[in-house]
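Written below as C-alpha cells is the structure these notes are about.
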Amino acid sequence: MNSIEEKLWSYIDGTCSAEEREQITRLIDRDAKYKSMYAGLMQLNAEFNSLELDEPPMAFTYNIMEQIRKQEASTPLKAEINKYIIRAISIFFIGSILLLLGFALGDVNWNTGHGGIHLPQLLKLSGSAKLFIGFWIKGSLLFDIILGLFLLDAQLRKRTDTNNGMFKKI
Amino acid sequence: MQSKLSDIDLINQTLDGNQSAYADLVKRHQRFIFTLALRFSKNREDAEEIAQDCFVKAYRALNTFQRQSKFSTWLYRVVYTTAMTHLRKKRLVTDSIDDGDNYIRIADQYGTMDDNIAETKSRSYYLNLAVGQLLPDDAVIITLFYNGEQSIEEIAAALGMETGTVKVKLFRARQRLKEQLERLLKHEVKELI
C-alpha cells in the first residue's frame, strides 16, 4: 500500500490484515492528519453508499418477456427434429449398414481348405436383401443422406454458437 | 409484488419452464443491470437495448449458470459482453481505465436534464452526475461495489482479475469520483455567486 488514503480505504473496506488494522486504528487515534482524513473518507463512503440505481422504462420486463416468447415460439419444431428425427435417422443408417454387412459376410466362404477365405466375385443376395437395390430405395437412401447431412450441419452450427465464448463459467 | 423466493429457486423454476419466474428475476435485477448498461453506454436508449438483450441472452444461457457465484455476478458478465458488442457495433470507443485522455465523453442523461433541474440541487444529485461522467470502467466498478453489493472478491471473479488489481482500480475510481464531485460542486458554487 502506498498512500495514507489507500491505507484508510482498505481499513474502511475491511480488506486489510488484522495487524494493519490495529496499526491504522492506533494512527487514527493519535495522528490528527489520519483522524481528519478518516472522517472525510467515512463521509464520502456514506455518500457513495447512497448512490441510486437508475430506473428502466415501464415496459422493460414486458418487452423482455415478449422477446423470449417470440423466440420460444420458433424453437419447439427444432427441438422435435433434434430429439427424435436425428435419432431415427441414425438408427436407420446404423441398422442398414449392419444388415448389409451381415448379408455380405454371410456370402463369404470361410472354409476353403487352402488356409484362407474365399470371397465371392459377385455378392449373392437373398430375396429380402434385393429390396435394398431397387431404384426407389436408392433414391430414398440418397434423400436420407442429404437430410442427415443438413441436420448434422444445423447441430454443429448450434454447438458453435453456444461455444462462442460469451458465457464463461463463473 | 416481487417474489420472495431466492434467485436459485427462480432459476430452477425457469428451467422447469415457468416463464413468470424469469419475469420475477428480471424485475429483481433490472435496475442494477440497466444502471450498469447506462454506465457503459452513457445513453438511456442504448442502455435499454443492452439491458434487454442481456436478459434475453441470460435466459437462453440460464442452464450454463454454475451457481458458484451470485446470479448478479453472472449477469454482470453477460451485460459486459453485450455492451461491448453493442458499442463496437456503434463504433463507440470505450478506452480502458488508464487511457482517460482518449475517452469520448458523450452527453449523458444527467447533462441533458440540466435545464429542467431546479436551482438548488442536492449533493446526491451531483454524486450521480459525477458517476455518470466517469470513464465506464470507473463507473462500473463503483456501481458493482456500492450498488451491486459485491465484495472485492466477487468483483474480481466477475472481471476476471486479481483482488489486488480490483482494490487498486476501486481506489483510483473513488479518487476520480471524488475529484469529479468536487469539480461539479465548485462549478455550482461559482454559478450561485
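The chains in the C-alpha cells are called A, B, ... from first to last as shown; in each chain the residues are counted from 1, and the ligands are counted from 1 in the order shown.
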- Residues of chain A within 6 Å of chain B, using only C-alpha atoms, as a list in words?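 Going by the stated atoms only, the list reads Asn49, Leu53, Asp54, Glu55 and Ile64 of chain A.
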Could you turn the residues from that selection into a file that holds C-alpha atoms, as an mmCIF file, in the first residue's frame?
```cif
data_model
loop_
_atom_site.group_PDB
_atom_site.id
_atom_site.type_symbol
_atom_site.label_atom_id
_atom_site.label_comp_id
_atom_site.auth_asym_id
_atom_site.auth_seq_id
_atom_site.Cartn_x
_atom_site.Cartn_y
_atom_site.Cartn_z
ATOM 1 C CA ASN A 49 -23.396 4.065 -0.425
ATOM 2 C CA LEU A 53 -29.776 2.919 -9.284
ATOM 3 C CA ASP A 54 -31.426 4.123 -12.463
ATOM 4 C CA GLU A 55 -34.962 3.076 -13.250
ATOM 5 C CA ILE A 64 -38.020 -8.833 -22.469
#
```
- Query: Can you tell me, as a VMD selection string, what residues are no more than 12 Å from Ile145 in chain A when counting only C-alpha atoms, ignoring any on the same chain fewer than 6 positions away?
  - Reply: chain A and resid 86 89 to 90 92 to 93 138 to 139 151 to 152
File dump, residues just selected, C-alpha atoms, as a compact mmCIF listing (two decimals), in the first residue's frame:
```
# COMPACT_ATOMS: atom_id res chain seq x y z
CA ILE A 86 -31.98 -37.34 -35.81
CA ILE A 89 -32.16 -41.43 -38.96
CA SER A 90 -29.10 -42.55 -37.00
CA PHE A 92 -31.85 -46.35 -39.71
CA PHE A 93 -28.33 -45.79 -41.02
CA LYS A 138 -31.66 -45.95 -53.63
CA GLY A 139 -33.46 -42.62 -54.08
CA LEU A 151 -29.30 -31.86 -39.72
CA LEU A 152 -25.70 -32.59 -38.80
```
- Message: Please extract the residues of range 20-73 of chain B with a backbone DSSP assignment of alpha helix (DSSP H) and present them as a ChimeraX atom specification.
- Response: /B:20-41,44-60,71-73
